[in-house]
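Engineer: My structure is stored as my_file-v9.csv, with CSV, C-alpha atoms.
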```csv
chain,number,residue,atom,x,y,z
C,868,ASP,CA,1.8,-2.6,-14.8
C,869,ALA,CA,3.0,-6.2,-14.7
C,870,LYS,CA,0.5,-8.4,-12.9
C,871,THR,CA,0.8,-10.9,-10.1
C,872,THR,CA,-1.3,-13.9,-9.3
C,873,GLN,CA,-1.8,-15.2,-5.7
C,874,PRO,CA,-4.1,-17.7,-4.1
C,875,ASN,CA,-7.1,-16.1,-2.6
C,876,SER,CA,-6.6,-17.8,0.8
C,877,MET,CA,-4.3,-20.0,2.7
C,878,GLU,CA,-4.3,-21.6,6.2
C,879,SER,CA,-1.5,-22.4,8.5
C,880,ASN,CA,-1.1,-23.8,11.9
C,881,GLU,CA,0.5,-21.7,14.6
C,882,GLU,CA,4.3,-22.1,15.0
C,883,GLU,CA,4.6,-23.8,11.6
C,884,PRO,CA,6.3,-22.3,8.5
C,885,VAL,CA,4.1,-20.7,5.9
C,886,HIS,CA,5.0,-20.4,2.2
C,887,LEU,CA,3.0,-17.8,0.3
C,888,PRO,CA,3.4,-18.2,-3.5
C,889,CYS,CA,3.2,-15.5,-6.1
C,890,ASN,CA,3.4,-15.8,-9.9
C,891,HIS,CA,4.5,-12.9,-12.0
C,892,SER,CA,5.3,-14.3,-15.4
C,893,THR,CA,5.3,-10.9,-17.2
C,894,ILE,CA,7.8,-9.3,-14.8
C,895,SER,CA,10.3,-7.0,-16.5
C,896,GLY,CA,13.9,-6.3,-15.7
C,897,THR,CA,13.1,-3.1,-13.9
C,898,ASP,CA,10.5,-4.6,-11.6
C,899,TYR,CA,11.2,-5.2,-7.9
C,900,ILE,CA,9.2,-7.8,-6.0
C,901,HIS,CA,7.6,-6.3,-2.9
C,902,TRP,CA,5.5,-7.9,-0.2
C,903,TYR,CA,3.1,-6.0,2.0
C,904,ARG,CA,0.6,-7.2,4.5
C,905,GLN,CA,-2.6,-5.7,5.9
C,906,LEU,CA,-3.9,-6.6,9.3
C,907,PRO,CA,-7.5,-5.9,10.1
C,908,SER,CA,-8.3,-2.2,10.5
C,909,GLN,CA,-4.8,-1.2,9.7
C,910,GLY,CA,-3.0,0.2,6.7
C,911,PRO,CA,-0.7,-2.0,4.6
C,912,GLU,CA,2.7,-2.8,6.2
C,913,TYR,CA,5.9,-3.4,4.4
C,914,VAL,CA,7.3,-6.9,4.8
C,915,ILE,CA,10.2,-7.4,2.4
C,916,HIS,CA,11.4,-6.8,-1.2
C,917,GLY,CA,14.0,-8.1,-3.6
C,918,LEU,CA,15.2,-8.0,-7.2
C,919,THR,CA,17.0,-11.2,-8.1
C,920,SER,CA,18.6,-12.7,-5.0
C,921,ASN,CA,16.8,-14.3,-2.0
C,922,VAL,CA,16.4,-11.9,0.9
C,923,ASN,CA,16.0,-12.3,4.6
C,924,ASN,CA,14.9,-9.8,7.3
C,925,ARG,CA,13.5,-10.1,10.8
C,926,MET,CA,9.9,-10.5,9.5
C,927,ALA,CA,10.3,-13.0,6.7
C,928,SER,CA,12.3,-14.5,3.8
C,929,LEU,CA,11.8,-13.9,0.1
C,930,ALA,CA,12.7,-16.7,-2.3
C,931,ILE,CA,12.9,-15.6,-5.9
C,932,ALA,CA,12.9,-18.1,-8.8
C,933,GLU,CA,15.9,-18.0,-11.1
C,934,ASP,CA,13.8,-16.8,-14.0
C,935,ARG,CA,12.1,-14.3,-11.7
C,936,LYS,CA,8.7,-15.4,-12.9
C,937,SER,CA,7.6,-16.5,-9.4
C,938,SER,CA,8.5,-15.8,-5.8
C,939,THR,CA,7.6,-17.2,-2.3
C,940,LEU,CA,7.2,-15.3,0.9
C,941,ILE,CA,8.3,-17.5,3.8
C,942,LEU,CA,7.1,-16.9,7.4
C,943,HIS,CA,9.3,-19.2,9.4
C,944,ARG,CA,7.0,-19.6,12.4
C,945,ALA,CA,3.5,-18.3,12.0
C,946,THR,CA,1.8,-16.7,14.9
C,947,LEU,CA,-1.8,-15.6,15.4
C,948,ARG,CA,-0.6,-12.0,14.8
C,949,ASP,CA,0.5,-13.0,11.3
C,950,ALA,CA,-3.1,-13.5,10.2
C,951,ALA,CA,-3.5,-10.8,7.4
C,952,VAL,CA,-3.9,-10.2,3.7
C,953,TYR,CA,-0.5,-10.6,2.0
C,954,TYR,CA,0.1,-8.7,-1.2
C,955,CYS,CA,2.8,-9.5,-3.7
C,956,ILE,CA,3.5,-6.4,-5.8
C,957,LEU,CA,5.8,-5.6,-8.7
C,958,ARG,CA,7.2,-2.1,-8.3
C,959,ALA,CA,8.8,-0.6,-11.3
C,960,TYR,CA,12.0,1.4,-11.1
C,961,LEU,CA,12.2,3.6,-14.2
C,962,SER,CA,14.4,6.6,-15.1
C,963,GLY,CA,15.9,6.8,-11.6
C,964,SER,CA,12.5,6.8,-9.8
C,965,ALA,CA,10.5,4.1,-8.1
C,966,ARG,CA,6.9,4.0,-9.2
C,967,GLN,CA,3.8,3.6,-7.1
C,968,LEU,CA,2.6,0.3,-5.7
C,969,THR,CA,-0.2,-1.5,-7.6
C,970,PHE,CA,-2.2,-3.7,-5.2
C,971,GLY,CA,-4.0,-6.9,-6.3
C,972,SER,CA,-6.4,-8.9,-4.3
C,973,GLY,CA,-3.7,-10.6,-2.2
C,974,THR,CA,-3.8,-13.8,-0.1
C,975,GLN,CA,-5.8,-14.0,3.1
C,976,LEU,CA,-3.7,-16.0,5.5
C,977,THR,CA,-5.5,-17.6,8.4
C,978,VAL,CA,-3.4,-18.9,11.3
C,979,LEU,CA,-5.0,-21.7,13.3
C,980,PRO,CA,-4.2,-22.1,17.0
Q,815,GLU,CA,9.8,7.8,15.3
Q,816,ALA,CA,6.1,8.6,14.9
Q,817,GLY,CA,4.5,6.9,12.0
Q,818,VAL,CA,2.2,8.2,9.4
Q,819,THR,CA,-0.9,9.7,11.0
Q,820,GLN,CA,-4.2,10.4,9.4
Q,821,PHE,CA,-7.1,12.4,10.6
Q,822,PRO,CA,-10.0,11.8,11.1
Q,823,SER,CA,-10.1,8.1,11.5
Q,824,HIS,CA,-13.8,8.0,10.5
Q,825,SER,CA,-16.0,10.5,8.7
Q,826,VAL,CA,-19.7,10.3,7.9
Q,827,ILE,CA,-21.1,12.9,5.6
Q,828,GLU,CA,-24.1,13.4,3.4
Q,829,LYS,CA,-24.0,13.4,-0.4
Q,830,GLY,CA,-23.1,16.8,-1.7
Q,831,GLN,CA,-21.1,17.9,1.4
Q,832,THR,CA,-17.4,18.5,1.5
Q,833,VAL,CA,-14.8,16.5,3.5
Q,834,THR,CA,-11.1,17.2,4.0
Q,835,LEU,CA,-8.8,14.4,5.0
Q,836,ARG,CA,-5.4,15.1,6.5
Q,837,CYS,CA,-2.2,13.1,6.4
Q,838,ASP,CA,1.0,13.8,8.4
Q,839,PRO,CA,3.9,11.8,6.9
Q,840,ILE,CA,6.9,10.6,8.8
Q,841,SER,CA,9.2,13.6,9.5
Q,842,GLY,CA,11.8,14.0,6.7
Q,843,HIS,CA,9.9,12.0,4.2
Q,844,ASP,CA,9.7,13.9,0.9
Q,845,ASN,CA,7.4,11.4,-0.8
Q,846,LEU,CA,3.7,11.2,0.1
Q,847,TYR,CA,1.1,9.0,-1.5
Q,848,TRP,CA,-2.6,8.8,-1.4
Q,849,TYR,CA,-4.4,5.5,-2.0
Q,850,ARG,CA,-8.0,4.4,-1.4
Q,851,ARG,CA,-10.1,1.2,-1.2
Q,852,VAL,CA,-13.7,1.6,-2.2
Q,853,MET,CA,-16.2,-1.1,-1.2
Q,854,GLY,CA,-15.3,-4.5,-2.5
Q,855,LYS,CA,-12.4,-3.3,-4.6
Q,856,GLU,CA,-8.7,-3.4,-4.5
Q,857,ILE,CA,-6.5,-0.7,-3.0
Q,858,LYS,CA,-5.9,1.9,-5.7
Q,859,PHE,CA,-3.3,4.6,-6.2
Q,860,LEU,CA,-4.5,8.2,-6.3
Q,861,LEU,CA,-1.5,10.4,-6.4
Q,862,HIS,CA,2.1,11.0,-5.4
Q,863,PHE,CA,3.8,14.1,-4.1
Q,864,VAL,CA,7.5,14.8,-4.0
Q,865,LYS,CA,7.8,17.6,-1.4
Q,866,GLU,CA,5.1,20.0,-2.5
Q,867,SER,CA,4.9,19.0,-6.1
Q,868,LYS,CA,2.5,16.5,-7.7
Q,869,GLN,CA,4.7,13.9,-9.3
Q,870,ASP,CA,2.0,11.6,-10.5
Q,871,GLU,CA,-1.8,12.3,-10.2
Q,872,SER,CA,-2.9,9.7,-12.7
Q,873,GLY,CA,-5.1,7.9,-10.2
Q,874,MET,CA,-7.3,10.8,-9.2
Q,875,PRO,CA,-10.8,9.8,-10.2
Q,876,ASN,CA,-12.2,13.2,-11.2
Q,877,ASN,CA,-12.1,16.9,-10.5
Q,878,ARG,CA,-14.1,16.5,-7.3
Q,879,PHE,CA,-10.9,15.4,-5.6
Q,880,LEU,CA,-8.2,18.0,-4.7
Q,881,ALA,CA,-5.0,17.1,-3.0
Q,882,GLU,CA,-2.5,19.7,-1.6
Q,883,ARG,CA,0.8,19.6,0.2
Q,884,THR,CA,1.7,23.1,1.1
Q,885,GLY,CA,5.2,23.5,2.3
Q,886,GLY,CA,6.0,19.9,1.6
Q,887,THR,CA,4.9,18.7,5.0
Q,888,TYR,CA,1.3,17.5,5.7
Q,889,SER,CA,-1.2,16.8,2.9
Q,890,THR,CA,-4.9,17.3,2.6
Q,891,LEU,CA,-7.3,15.5,0.3
Q,892,LYS,CA,-10.6,17.3,-0.2
Q,893,VAL,CA,-13.6,15.8,-1.8
Q,894,GLN,CA,-16.2,18.3,-3.0
Q,895,PRO,CA,-19.0,17.5,-3.5
Q,896,ALA,CA,-18.9,14.0,-2.1
Q,897,GLU,CA,-20.8,11.3,-3.9
Q,898,LEU,CA,-22.0,7.9,-2.6
Q,899,GLU,CA,-19.3,6.1,-4.6
Q,900,ASP,CA,-16.6,8.0,-2.7
Q,901,SER,CA,-17.2,5.8,0.4
Q,902,GLY,CA,-14.3,3.7,1.3
Q,903,VAL,CA,-11.0,3.8,3.2
Q,904,TYR,CA,-8.4,6.5,2.2
Q,905,PHE,CA,-4.8,5.6,3.0
Q,906,CYS,CA,-1.8,7.9,3.1
Q,907,ALA,CA,1.8,6.6,2.8
Q,908,SER,CA,5.2,8.2,2.9
Q,909,SER,CA,8.7,7.3,2.0
Q,910,TYR,CA,12.1,9.0,2.4
Q,911,THR,CA,12.9,9.0,-1.3
Q,912,ASP,CA,11.7,7.6,-4.6
Q,913,ARG,CA,15.3,7.3,-5.9
Q,914,SER,CA,15.3,3.8,-4.4
Q,915,VAL,CA,12.7,1.1,-4.0
Q,916,GLY,CA,12.5,1.3,-0.2
Q,917,PRO,CA,9.3,0.7,1.8
Q,918,LEU,CA,6.3,2.9,1.9
Q,919,HIS,CA,5.0,3.5,5.4
Q,920,PHE,CA,1.2,3.6,5.6
Q,921,GLY,CA,-1.2,5.2,8.0
Q,922,ASN,CA,-4.2,3.4,9.3
Q,923,GLY,CA,-6.5,5.2,7.0
Q,924,THR,CA,-9.6,7.4,7.1
Q,925,ARG,CA,-12.9,5.5,6.7
Q,926,LEU,CA,-15.2,7.8,4.7
Q,927,THR,CA,-18.9,7.0,4.6
Q,928,VAL,CA,-21.1,9.1,2.3
Q,929,THR,CA,-24.9,8.7,2.9
```
Here is a file; write its structure as structure tokens.
Structural biologist:
Amino acid sequence: DAKTTQPNSMESNEEEPVHLPCNHSTISGTDYIHWYRQLPSQGPEYVIHGLTSNVNNRMASLAIAEDRKSSTLILHRATLRDAAVYYCILRAYLSGSARQLTFGSGTQLTVLP
Amino acid sequence: EAGVTQFPSHSVIEKGQTVTLRCDPISGHDNLYWYRRVMGKEIKFLLHFVKESKQDESGMPNNRFLAERTGGTYSTLKVQPAELEDSGVYFCASSYTDRSVGPLHFGNGTRLTVT
């Protein structure tokens, strides 16, 4: 599985934008970039995914570099409820089937009031 | 819609005993996955069902673990006999299809403690 690299931790102030980086220099053409987050005592929660183009949804935006070797998850206005571990995951799509998620260690986001 | 539910939320058993974890996926989701996080480690994939068939069981650690999904609805994960290193949080996830890269929906996990 192609590997991702994320900072271990980041801090943000409440109501400010947060940019969570992810490097994936060995990404292949069949890998989709997924982001999940895990709040304390809960299971992972899907945030967003993309292949080549930038993506927006109600939770966040995903900015993907032109060479696809890095991406950034953008939370437009962090709230205290966004404090979580954020995982950047490459999910392979092979032979018409999406493969399982491979979790790394993620980025622990702390939101300061 | 109801989310993925797992039962029990916590289980404490002694080494050598048997434990069965249950997962009810979102209704209509053909794909069901089991993951686990053991102490201090990353979340690891265990196996993937498509309906009642095991699509990928490459992550199952050894033959003390048995997963079933009779009828393609709920799934059980049995650990027999349990060992100390099996302690951790076991997550179940489901998705409508694996023919697209849509989201997996996770339950809140079962925390297993083996003493």
Engineer: Please determine the contact residues of chain Q with respect to chain C at a cut-off of 9 Å, counting only C-alpha atoms, and supply them as a PyMOL selection string.
Structural biologist: chain Q and resi 847+855-859+861-862+870+905-907+911-923
Engineer: Enter the distance from CA of Thr939 (chain C) to CA of Ser908 (chain Q), in Å, rounded to one decimal.
Structural biologist: 26.0 Å
Engineer: So the first atom is CA of Arg850 (chain Q) and the second is CA of Thr924 (chain Q); what is the distance between them in Å, to one decimal place?
Structural biologist: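 Between CA of Arg850 (chain Q) and CA of Thr924 (chain Q) the gap works out to 9.2 Å.
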Engineer: For a test of reading the model, state the distance in Å between CA of Thr832 (chain Q) and CA of Glu897 (chain Q), rounded to one decimal.
Structural biologist: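 Spanning CA of Thr832 (chain Q) to CA of Glu897 (chain Q) is a straight-line distance of 9.6 Å.
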Engineer: Counting all atoms listed in the file, select every polymer residue within 8 Å of (4.7, -17.9, -3.7) as defined in the file's coordinates, and provide the selection as a list in words.
Structural biologist: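 Here is the list of nearby residues: Gln873, His886, Leu887, Pro888, Cys889, Asn890, Ser937, Ser938, Thr939 and Leu940 of chain C.
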Engineer: For the point (-16.2, 2.9, 5.6) in file coordinates, what residues are within 7 Å, counting only C-alpha atoms? Give the answer as a list in words?
Structural biologist: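 Residues satisfying the cut-off, written out: Ser901, Gly902, Val903, Arg925, Leu926 and Thr927 of chain Q.
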